[in-house]
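Structure below is entry_39.csv: CSV, N, CA and C atoms.
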```csv
chain,number,residue,atom,x,y,z
I,133,PRO,N,116.1,127.3,65.6
I,133,PRO,CA,115.7,126.9,64.3
I,133,PRO,C,115.5,128.1,63.4
I,134,ALA,N,115.7,127.9,62.1
I,134,ALA,CA,115.6,129.0,61.1
I,134,ALA,C,114.2,129.6,61.1
I,135,THR,N,113.2,128.8,61.5
I,135,THR,CA,111.8,129.3,61.5
I,135,THR,C,111.4,129.9,62.8
I,136,ASP,N,112.3,130.0,63.8
I,136,ASP,CA,112.0,130.6,65.0
I,136,ASP,C,111.7,132.1,64.7
I,137,PRO,N,110.7,132.7,65.3
I,137,PRO,CA,110.4,134.1,65.0
I,137,PRO,C,111.6,135.1,65.2
I,138,ARG,N,112.5,134.7,66.1
I,138,ARG,CA,113.7,135.6,66.3
I,138,ARG,C,114.6,135.5,65.1
I,139,MET,N,114.8,134.3,64.5
I,139,MET,CA,115.6,134.2,63.3
I,139,MET,C,115.0,134.8,62.1
I,140,GLU,N,113.6,134.6,62.0
I,140,GLU,CA,112.9,135.3,60.9
I,140,GLU,C,113.1,136.8,61.0
I,141,GLY,N,113.0,137.3,62.3
I,141,GLY,CA,113.2,138.7,62.5
I,141,GLY,C,114.6,139.2,62.1
I,142,THR,N,115.6,138.4,62.4
I,142,THR,CA,117.0,138.7,62.1
I,142,THR,C,117.2,138.7,60.6
I,143,VAL,N,116.6,137.8,59.9
I,143,VAL,CA,116.7,137.7,58.4
I,143,VAL,C,116.0,139.0,57.9
I,144,ALA,N,114.9,139.3,58.4
I,144,ALA,CA,114.1,140.5,57.9
I,144,ALA,C,115.0,141.8,58.1
I,145,ALA,N,115.6,141.8,59.3
I,145,ALA,CA,116.4,143.0,59.6
I,145,ALA,C,117.6,143.1,58.7
I,146,VAL,N,118.2,142.0,58.4
I,146,VAL,CA,119.4,141.9,57.5
I,146,VAL,C,118.9,142.4,56.1
I,147,GLN,N,117.8,141.9,55.6
I,147,GLN,CA,117.3,142.4,54.4
I,147,GLN,C,117.0,143.9,54.3
I,148,ASN,N,116.4,144.4,55.4
I,148,ASN,CA,116.0,145.8,55.4
I,148,ASN,C,117.1,146.7,55.7
I,149,GLU,N,118.1,146.3,56.5
I,149,GLU,CA,119.1,147.3,56.9
I,149,GLU,C,120.5,147.1,56.2
I,150,LEU,N,120.7,145.9,55.7
I,150,LEU,CA,122.1,145.6,55.2
I,150,LEU,C,122.1,145.2,53.7
I,151,CYS,N,121.0,144.9,53.1
I,151,CYS,CA,121.0,144.5,51.7
I,151,CYS,C,121.1,145.7,50.8
I,152,HIS,N,121.9,145.6,49.8
I,152,HIS,CA,122.0,146.6,48.7
I,152,HIS,C,122.1,145.8,47.4
I,153,ASP,N,121.1,146.1,46.5
I,153,ASP,CA,121.1,145.3,45.2
I,153,ASP,C,121.0,143.8,45.5
I,154,GLN,N,120.2,143.5,46.5
I,154,GLN,CA,120.0,142.1,47.0
I,154,GLN,C,121.2,141.4,47.6
I,155,LEU,N,122.3,142.0,47.7
I,155,LEU,CA,123.5,141.4,48.4
I,155,LEU,C,123.7,142.1,49.7
I,156,VAL,N,124.4,141.4,50.6
I,156,VAL,CA,124.5,141.8,52.0
I,156,VAL,C,125.8,142.5,52.3
I,157,ARG,N,125.7,143.7,52.9
I,157,ARG,CA,126.8,144.4,53.5
I,157,ARG,C,127.2,143.8,54.8
I,158,ARG,N,128.4,144.0,55.3
I,158,ARG,CA,128.8,143.6,56.6
I,158,ARG,C,128.2,144.5,57.7
I,159,TYR,N,128.1,145.8,57.4
I,159,TYR,CA,127.5,146.7,58.3
I,159,TYR,C,126.9,147.9,57.5
I,160,ASP,N,126.0,148.6,58.2
I,160,ASP,CA,125.3,149.8,57.7
I,160,ASP,C,126.3,150.8,57.2
I,161,PRO,N,126.4,151.2,55.9
I,161,PRO,CA,127.4,152.1,55.5
I,161,PRO,C,127.1,153.6,56.0
I,162,THR,N,126.0,153.8,56.6
I,162,THR,CA,125.7,155.2,57.1
I,162,THR,C,126.2,155.2,58.6
I,163,SER,N,126.6,154.1,59.1
I,163,SER,CA,127.1,154.1,60.5
I,163,SER,C,128.6,154.6,60.5
I,164,HIS,N,129.1,154.8,61.6
I,164,HIS,CA,130.5,155.2,61.7
I,164,HIS,C,131.4,154.0,61.8
I,165,ALA,N,131.3,153.0,60.8
I,165,ALA,CA,132.0,151.8,60.9
I,165,ALA,C,133.5,152.0,60.9
I,166,GLU,N,134.0,153.0,60.2
I,166,GLU,CA,135.4,153.2,60.2
I,166,GLU,C,136.0,153.4,61.6
I,167,ASP,N,135.1,153.9,62.5
I,167,ASP,CA,135.6,154.0,63.9
I,167,ASP,C,135.8,152.6,64.5
I,168,LEU,N,135.1,151.6,64.0
I,168,LEU,CA,135.2,150.2,64.5
I,168,LEU,C,136.4,149.5,63.9
I,169,ASP,N,136.6,149.6,62.6
I,169,ASP,CA,137.6,148.7,62.0
I,169,ASP,C,138.7,149.5,61.2
I,170,GLY,N,138.6,150.8,61.2
I,170,GLY,CA,139.6,151.6,60.6
I,170,GLY,C,139.6,151.7,59.1
I,171,LEU,N,138.6,151.1,58.5
I,171,LEU,CA,138.4,151.1,57.0
I,171,LEU,C,137.6,152.3,56.6
I,172,PRO,N,137.9,152.8,55.4
I,172,PRO,CA,137.1,154.0,54.9
I,172,PRO,C,135.7,153.5,54.4
I,173,HIS,N,134.8,154.4,54.2
I,173,HIS,CA,133.5,154.0,53.7
I,173,HIS,C,133.7,153.5,52.2
I,174,GLY,N,132.7,152.8,51.7
I,174,GLY,CA,132.8,152.4,50.3
I,174,GLY,C,133.1,150.9,50.2
I,175,GLU,N,133.0,150.1,51.3
I,175,GLU,CA,133.2,148.7,51.1
I,175,GLU,C,132.1,148.1,50.3
I,176,GLY,N,132.4,147.1,49.5
I,176,GLY,CA,131.5,146.4,48.7
I,176,GLY,C,130.6,145.4,49.5
I,177,THR,N,129.6,144.8,48.9
I,177,THR,CA,128.8,143.8,49.6
I,177,THR,C,129.7,142.6,49.8
I,178,PHE,N,129.4,141.9,50.9
I,178,PHE,CA,130.3,140.8,51.4
I,178,PHE,C,129.6,139.5,50.9
I,179,LEU,N,130.3,138.8,50.0
I,179,LEU,CA,129.7,137.6,49.4
I,179,LEU,C,129.4,136.5,50.4
I,180,ALA,N,130.3,136.2,51.4
I,180,ALA,CA,130.0,135.2,52.4
I,180,ALA,C,128.6,135.5,53.1
I,181,CYS,N,128.4,136.7,53.5
I,181,CYS,CA,127.2,137.1,54.1
I,181,CYS,C,126.0,136.9,53.2
I,182,SER,N,126.2,137.2,51.9
I,182,SER,CA,125.1,137.0,51.0
I,182,SER,C,124.7,135.5,50.8
I,183,PHE,N,125.7,134.7,50.8
I,183,PHE,CA,125.5,133.2,50.8
I,183,PHE,C,124.7,132.8,52.1
I,184,TRP,N,125.1,133.4,53.2
I,184,TRP,CA,124.5,133.1,54.5
I,184,TRP,C,123.0,133.4,54.4
I,185,LEU,N,122.7,134.6,53.7
I,185,LEU,CA,121.3,134.9,53.6
I,185,LEU,C,120.5,133.9,52.7
I,186,ALA,N,121.2,133.4,51.7
I,186,ALA,CA,120.6,132.4,50.8
I,186,ALA,C,120.3,131.1,51.7
I,187,ASP,N,121.3,130.7,52.5
I,187,ASP,CA,121.1,129.6,53.4
I,187,ASP,C,119.9,129.7,54.3
I,188,ASN,N,119.8,130.9,54.8
I,188,ASN,CA,118.6,131.1,55.7
I,188,ASN,C,117.3,131.1,55.0
I,189,PHE,N,117.3,131.6,53.8
I,189,PHE,CA,116.0,131.5,53.0
I,189,PHE,C,115.7,130.0,52.8
I,190,ILE,N,116.7,129.2,52.5
I,190,ILE,CA,116.5,127.8,52.2
I,190,ILE,C,116.0,127.1,53.5
I,191,MET,N,116.6,127.4,54.6
I,191,MET,CA,116.2,126.8,55.9
I,191,MET,C,114.9,127.2,56.4
I,192,GLN,N,114.4,128.4,55.9
I,192,GLN,CA,113.1,128.9,56.3
I,192,GLN,C,112.0,128.4,55.3
I,193,GLY,N,112.4,127.6,54.3
I,193,GLY,CA,111.5,127.1,53.3
I,193,GLY,C,111.2,128.0,52.2
I,194,ARG,N,112.1,129.0,52.1
I,194,ARG,CA,111.9,130.0,51.0
I,194,ARG,C,112.9,129.6,49.9
I,195,ASP,N,112.7,128.4,49.4
I,195,ASP,CA,113.7,127.9,48.4
I,195,ASP,C,113.8,128.7,47.1
I,196,ASP,N,112.7,129.2,46.6
I,196,ASP,CA,112.8,130.0,45.4
I,196,ASP,C,113.7,131.2,45.6
I,197,GLN,N,113.6,131.9,46.8
I,197,GLN,CA,114.4,133.1,47.1
I,197,GLN,C,115.9,132.6,47.3
I,198,GLY,N,116.1,131.5,48.0
I,198,GLY,CA,117.4,131.0,48.2
I,198,GLY,C,118.1,130.6,46.9
I,199,ARG,N,117.4,129.9,46.1
I,199,ARG,CA,118.0,129.5,44.8
I,199,ARG,C,118.3,130.8,43.9
I,200,ALA,N,117.4,131.7,43.9
I,200,ALA,CA,117.6,132.9,43.0
I,200,ALA,C,118.8,133.7,43.5
I,201,LEU,N,119.0,133.8,44.8
I,201,LEU,CA,120.2,134.5,45.4
I,201,LEU,C,121.4,133.7,45.1
I,202,PHE,N,121.4,132.4,45.3
I,202,PHE,CA,122.5,131.6,45.0
I,202,PHE,C,123.0,131.7,43.6
I,203,GLU,N,122.0,131.7,42.6
I,203,GLU,CA,122.3,131.8,41.2
I,203,GLU,C,122.9,133.2,40.9
I,204,ARG,N,122.4,134.2,41.5
I,204,ARG,CA,122.9,135.5,41.3
I,204,ARG,C,124.4,135.6,41.8
I,205,LEU,N,124.7,135.0,43.0
I,205,LEU,CA,126.0,135.0,43.5
I,205,LEU,C,127.0,134.2,42.6
I,206,VAL,N,126.6,133.1,42.2
I,206,VAL,CA,127.4,132.3,41.3
I,206,VAL,C,127.7,133.0,40.0
I,207,SER,N,126.8,133.8,39.5
I,207,SER,CA,127.0,134.5,38.3
I,207,SER,C,128.0,135.6,38.4
I,208,LEU,N,128.4,136.0,39.6
I,208,LEU,CA,129.4,137.0,39.9
I,208,LEU,C,130.8,136.5,39.7
I,209,SER,N,131.0,135.2,39.7
I,209,SER,CA,132.3,134.6,39.6
I,209,SER,C,133.0,134.9,38.3
I,210,ASN,N,134.3,134.8,38.2
I,210,ASN,CA,135.0,135.1,37.0
I,210,ASN,C,134.9,133.9,36.0
I,211,ASP,N,135.7,134.0,35.0
I,211,ASP,CA,135.6,133.0,33.9
I,211,ASP,C,136.1,131.6,34.3
I,212,VAL,N,136.8,131.5,35.4
I,212,VAL,CA,137.2,130.2,35.9
I,212,VAL,C,136.5,129.8,37.2
I,213,GLY,N,135.4,130.6,37.6
I,213,GLY,CA,134.6,130.2,38.7
I,213,GLY,C,135.1,130.7,40.0
I,214,LEU,N,136.0,131.7,40.1
I,214,LEU,CA,136.5,132.2,41.3
I,214,LEU,C,135.8,133.4,41.8
I,215,LEU,N,135.7,133.6,43.1
I,215,LEU,CA,135.0,134.7,43.7
I,215,LEU,C,136.0,135.5,44.6
I,216,SER,N,135.7,136.7,44.8
I,216,SER,CA,136.5,137.6,45.7
I,216,SER,C,135.7,137.6,47.0
I,217,GLU,N,136.3,138.4,47.9
I,217,GLU,CA,135.7,138.7,49.2
I,217,GLU,C,134.4,139.5,49.1
I,218,GLU,N,134.5,140.5,48.2
I,218,GLU,CA,133.4,141.5,48.1
I,218,GLU,C,133.0,141.7,46.7
I,219,TYR,N,131.8,142.4,46.5
I,219,TYR,CA,131.4,142.7,45.1
I,219,TYR,C,130.9,144.2,45.2
I,220,ASP,N,131.4,145.0,44.3
I,220,ASP,CA,131.0,146.4,44.2
I,220,ASP,C,129.8,146.4,43.2
I,221,THR,N,128.6,146.6,43.7
I,221,THR,CA,127.4,146.6,42.8
I,221,THR,C,127.4,147.8,41.9
I,222,ALA,N,127.9,148.9,42.3
I,222,ALA,CA,127.9,150.1,41.4
I,222,ALA,C,128.9,149.9,40.2
I,223,ALA,N,130.1,149.4,40.5
I,223,ALA,CA,131.1,149.2,39.4
I,223,ALA,C,130.9,147.9,38.7
I,224,ARG,N,130.1,147.0,39.3
I,224,ARG,CA,129.9,145.7,38.8
I,224,ARG,C,131.2,144.9,38.6
I,225,ARG,N,131.9,144.9,39.8
I,225,ARG,CA,133.2,144.1,39.7
I,225,ARG,C,133.5,143.6,41.1
I,226,MET,N,134.3,142.6,41.2
I,226,MET,CA,134.8,142.0,42.4
I,226,MET,C,135.8,142.9,43.0
I,227,THR,N,135.8,142.9,44.4
I,227,THR,CA,136.8,143.7,45.1
I,227,THR,C,137.2,142.9,46.3
I,228,GLY,N,138.2,143.5,47.1
I,228,GLY,CA,138.7,142.8,48.3
I,228,GLY,C,139.6,141.7,47.9
I,229,ASN,N,139.8,140.8,48.9
I,229,ASN,CA,140.8,139.7,48.7
I,229,ASN,C,140.3,138.8,47.6
I,230,PHE,N,141.2,138.4,46.7
I,230,PHE,CA,140.9,137.5,45.6
I,230,PHE,C,142.0,136.5,45.3
I,231,PRO,N,141.7,135.3,45.1
I,231,PRO,CA,140.4,134.6,45.4
I,231,PRO,C,140.2,134.5,47.0
I,232,GLN,N,138.9,134.4,47.4
I,232,GLN,CA,138.6,134.4,48.8
I,232,GLN,C,138.0,133.0,49.1
I,233,ALA,N,138.8,132.3,50.0
I,233,ALA,CA,138.3,131.0,50.4
I,233,ALA,C,137.0,131.0,51.1
I,234,LEU,N,136.8,132.0,51.9
I,234,LEU,CA,135.5,132.0,52.7
I,234,LEU,C,134.3,132.1,51.7
I,235,SER,N,134.4,132.9,50.7
I,235,SER,CA,133.3,133.0,49.7
I,235,SER,C,133.1,131.6,49.1
I,236,HIS,N,134.1,130.9,48.8
I,236,HIS,CA,134.0,129.5,48.2
I,236,HIS,C,133.4,128.5,49.1
I,237,VAL,N,133.8,128.6,50.4
I,237,VAL,CA,133.2,127.7,51.4
I,237,VAL,C,131.7,128.0,51.5
I,238,ALA,N,131.4,129.2,51.5
I,238,ALA,CA,130.0,129.6,51.6
I,238,ALA,C,129.2,129.1,50.4
I,239,LEU,N,129.8,129.2,49.2
I,239,LEU,CA,129.1,128.8,48.0
I,239,LEU,C,128.8,127.3,48.1
I,240,VAL,N,129.8,126.5,48.5
I,240,VAL,CA,129.7,125.0,48.6
I,240,VAL,C,128.6,124.7,49.6
I,241,THR,N,128.6,125.4,50.8
I,241,THR,CA,127.6,125.2,51.8
I,241,THR,C,126.2,125.4,51.3
I,242,THR,N,126.0,126.5,50.6
I,242,THR,CA,124.7,126.9,50.0
I,242,THR,C,124.3,125.9,49.0
I,243,ALA,N,125.2,125.4,48.1
I,243,ALA,CA,124.9,124.4,47.1
I,243,ALA,C,124.4,123.1,47.8
I,244,PHE,N,125.1,122.8,48.9
I,244,PHE,CA,124.8,121.6,49.6
I,244,PHE,C,123.4,121.7,50.2
I,245,ASN,N,123.1,122.9,50.8
I,245,ASN,CA,121.8,123.1,51.4
I,245,ASN,C,120.6,123.0,50.3
I,246,LEU,N,120.9,123.6,49.2
I,246,LEU,CA,119.9,123.5,48.1
I,246,LEU,C,119.7,122.1,47.7
I,247,GLN,N,120.8,121.3,47.5
I,247,GLN,CA,120.7,119.9,47.1
I,247,GLN,C,120.0,119.1,48.2
I,248,ARG,N,120.4,119.3,49.4
I,248,ARG,CA,119.8,118.5,50.5
I,248,ARG,C,118.3,118.8,50.6
I,249,GLY,N,117.9,120.0,50.4
I,249,GLY,CA,116.4,120.3,50.3
I,249,GLY,C,115.7,119.5,49.2
I,250,THR,N,116.4,119.4,48.1
I,250,THR,CA,115.8,118.7,47.0
I,250,THR,C,115.7,117.2,47.2
I,251,ARG,N,116.8,116.7,47.8
I,251,ARG,CA,116.9,115.2,48.1
I,251,ARG,C,115.9,114.8,49.1
I,252,THR,N,115.6,115.6,50.1
I,252,THR,CA,114.8,115.3,51.2
I,252,THR,C,113.3,115.6,51.0
I,253,GLY,N,113.0,116.1,49.8
I,253,GLY,CA,111.6,116.5,49.5
I,253,GLY,C,111.2,117.8,50.2
I,254,HIS,N,112.2,118.6,50.6
I,254,HIS,CA,111.9,119.8,51.3
I,254,HIS,C,111.0,120.7,50.3
I,255,ARG,N,110.0,121.3,50.8
I,255,ARG,CA,109.1,122.1,50.0
I,255,ARG,C,109.2,123.5,50.5
I,256,SER,N,109.1,124.4,49.5
I,256,SER,CA,109.0,125.8,49.9
I,256,SER,C,107.7,126.2,50.5
I,257,ARG,N,107.5,127.4,51.0
I,257,ARG,CA,106.3,127.8,51.6
I,257,ARG,C,105.1,127.8,50.6
I,258,ASP,N,105.4,128.0,49.3
I,258,ASP,CA,104.4,128.1,48.4
I,258,ASP,C,104.0,126.6,47.9
I,259,GLY,N,104.5,125.6,48.5
I,259,GLY,CA,104.1,124.2,48.2
I,259,GLY,C,104.9,123.6,47.1
I,260,ARG,N,105.9,124.3,46.5
I,260,ARG,CA,106.7,123.7,45.4
I,260,ARG,C,107.8,122.8,45.9
```
Could you show the structure in this file as C-alpha cells?
Amino acid sequence: PATDPRMEGTVAAVQNELCHDQLVRRYDPTSHAEDLDGLPHGEGTFLACSFWLADNFIMQGRDDQGRALFERLVSLSNDVGLLSEEYDTAARRMTGNFPQALSHVALVTTAFNLQRGTRTGHRSRDGR
C-alpha cells in the first residue's frame, strides 16, 4: 500500500535524490548513468515519472501536493495539449520523443486518481 512505510520511504528518497525543480529525473545525474545506457549527461526530467510521483502523493492522502504537481505537469503541455518524454527545466522546453504516449497515459492515470479521490470522499492528511 502507498502508506506502507517502505513506500513512503521510497517516495521521500525519490523527492530527495531525483527531483529537480519539483520534477523527477530517471536517475541521479551525478552518477555514471552514461555507463548504463550510453546516453550523455544532460537528460531532462522524465514526465511519466513525475506523474508517478503525483499518483503516489494522492495514494498517500497528500492530495494537495498531488494536485499541485499534476497541474504543473499539465501546464508544460503545448498549445494543443501534447507532452514530450522529458522536460528541460533550465531551458523551459520539452525534449525527447514528441509526442510521447507514455506521458499521456500517465497524465490520464493521474487525472483518474485525482477524480476517484474526489468521488470517494478521499481526504488529504490535513482533513480537506
Provide the atom C of I:Glu203 to atom C of I:Leu239 distance in Å, to one decimal place.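 One can read the atom C of I:Glu203 to atom C of I:Leu239 distance as 11.0 Å.
Neighbouring residues of stretch 149-157 of chain I at 6 Å or closer, counting all atoms listed in the file and skipping chain neighbours under 2 positions away, are Ala144, Ala145, Val146, Gln147, Tyr159, Asp160, Gly176, Thr177, Phe178, Cys181 and Ser182 of chain I.
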Please, which residues of stretch 185-236 of chain I, numbered as in this document, come out alpha helix (DSSP H) from DSSP, as a PyMOL selection string? chain I and resi 185-191+195-207+233-236
Pick out the closest residue to I:Thr242 from this set: I:Thr221, I:Val212, I:Val206, I:Asp187. Count all atoms listed in the file.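 Counting all atoms listed in the file, the residue closest to I:Thr242 is I:Asp187.
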Which residues in chain I does DSSP call strand (DSSP E or B)? List them as a PyMOL selection string. chain I and resi 151-152+155-156+177-178+218-220+225-227
Atomic separation - atom C of I:Leu179 relative to atom CA of I:Ser235, Å: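 So the answer is 5.3 Å.
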Residues near I:Glu175, anyone? I mean within 10 Å using only C-alpha atoms, not counting same-chain ones fewer than 4 positions away, as a list in words.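 Those residues are Arg157, Arg158, Tyr159, Pro161, Leu171, Glu218, Tyr219, Asp220, Thr227 and Gly228 of chain I.
Distance-wise, atom CA of I:Gln192 and atom CA of I:Glu217 end up 25.6 Å apart.
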Please determine the residues with any atom at most 8 Å from (123.3, 126.6, 54.9) (coordinates as given in the file, with all atoms listed in the file counting) and report them as a list in words. Phe183, Trp184, Ala186, Asp187, Asn188, Phe189, Ile190, Met191, Ala238, Val240, Thr241, Thr242, Ala243, Phe244, Asn245 and Leu246 of chain I
Should you be able to, write stretch 214-225 of chain I of this structure into a file that contains N, CA, C and O atoms, as a compact mmCIF listing (two decimals), in the first residue's frame.
```
# COMPACT_ATOMS: atom_id res chain seq x y z
N LEU I 214 -0.27 18.54 -26.03
CA LEU I 214 0.64 17.40 -26.16
C LEU I 214 1.87 17.56 -25.27
O LEU I 214 2.34 18.67 -25.03
N LEU I 215 2.36 16.43 -24.81
CA LEU I 215 3.56 16.39 -23.96
C LEU I 215 4.65 15.57 -24.64
O LEU I 215 4.37 14.65 -25.40
N SER I 216 5.86 15.89 -24.28
CA SER I 216 7.01 15.12 -24.74
C SER I 216 7.38 14.08 -23.69
O SER I 216 6.69 13.92 -22.68
N GLU I 217 8.48 13.42 -23.92
CA GLU I 217 9.00 12.44 -22.98
C GLU I 217 9.65 13.13 -21.78
O GLU I 217 9.50 12.68 -20.64
N GLU I 218 10.36 14.21 -22.03
CA GLU I 218 11.13 14.90 -21.00
C GLU I 218 10.86 16.39 -21.03
O GLU I 218 10.33 16.92 -22.00
N TYR I 219 11.29 17.04 -19.94
CA TYR I 219 11.19 18.49 -19.88
C TYR I 219 12.51 19.03 -19.35
O TYR I 219 13.00 18.58 -18.32
N ASP I 220 13.08 19.98 -20.06
CA ASP I 220 14.32 20.63 -19.66
C ASP I 220 13.94 21.85 -18.82
O ASP I 220 13.45 22.84 -19.35
N THR I 221 14.15 21.75 -17.51
CA THR I 221 13.73 22.83 -16.61
C THR I 221 14.58 24.09 -16.79
O THR I 221 14.08 25.19 -16.57
N ALA I 222 15.84 23.95 -17.18
CA ALA I 222 16.70 25.12 -17.37
C ALA I 222 16.27 25.90 -18.61
O ALA I 222 16.15 27.13 -18.57
N ALA I 223 16.06 25.19 -19.71
CA ALA I 223 15.67 25.85 -20.97
C ALA I 223 14.16 26.10 -21.04
O ALA I 223 13.69 26.78 -21.94
N ARG I 224 13.42 25.50 -20.12
CA ARG I 224 11.96 25.62 -20.09
C ARG I 224 11.32 25.19 -21.41
O ARG I 224 10.55 25.91 -22.03
N ARG I 225 11.70 23.95 -21.81
CA ARG I 225 11.15 23.43 -23.06
C ARG I 225 11.08 21.90 -23.00
O ARG I 225 11.80 21.26 -22.25
```
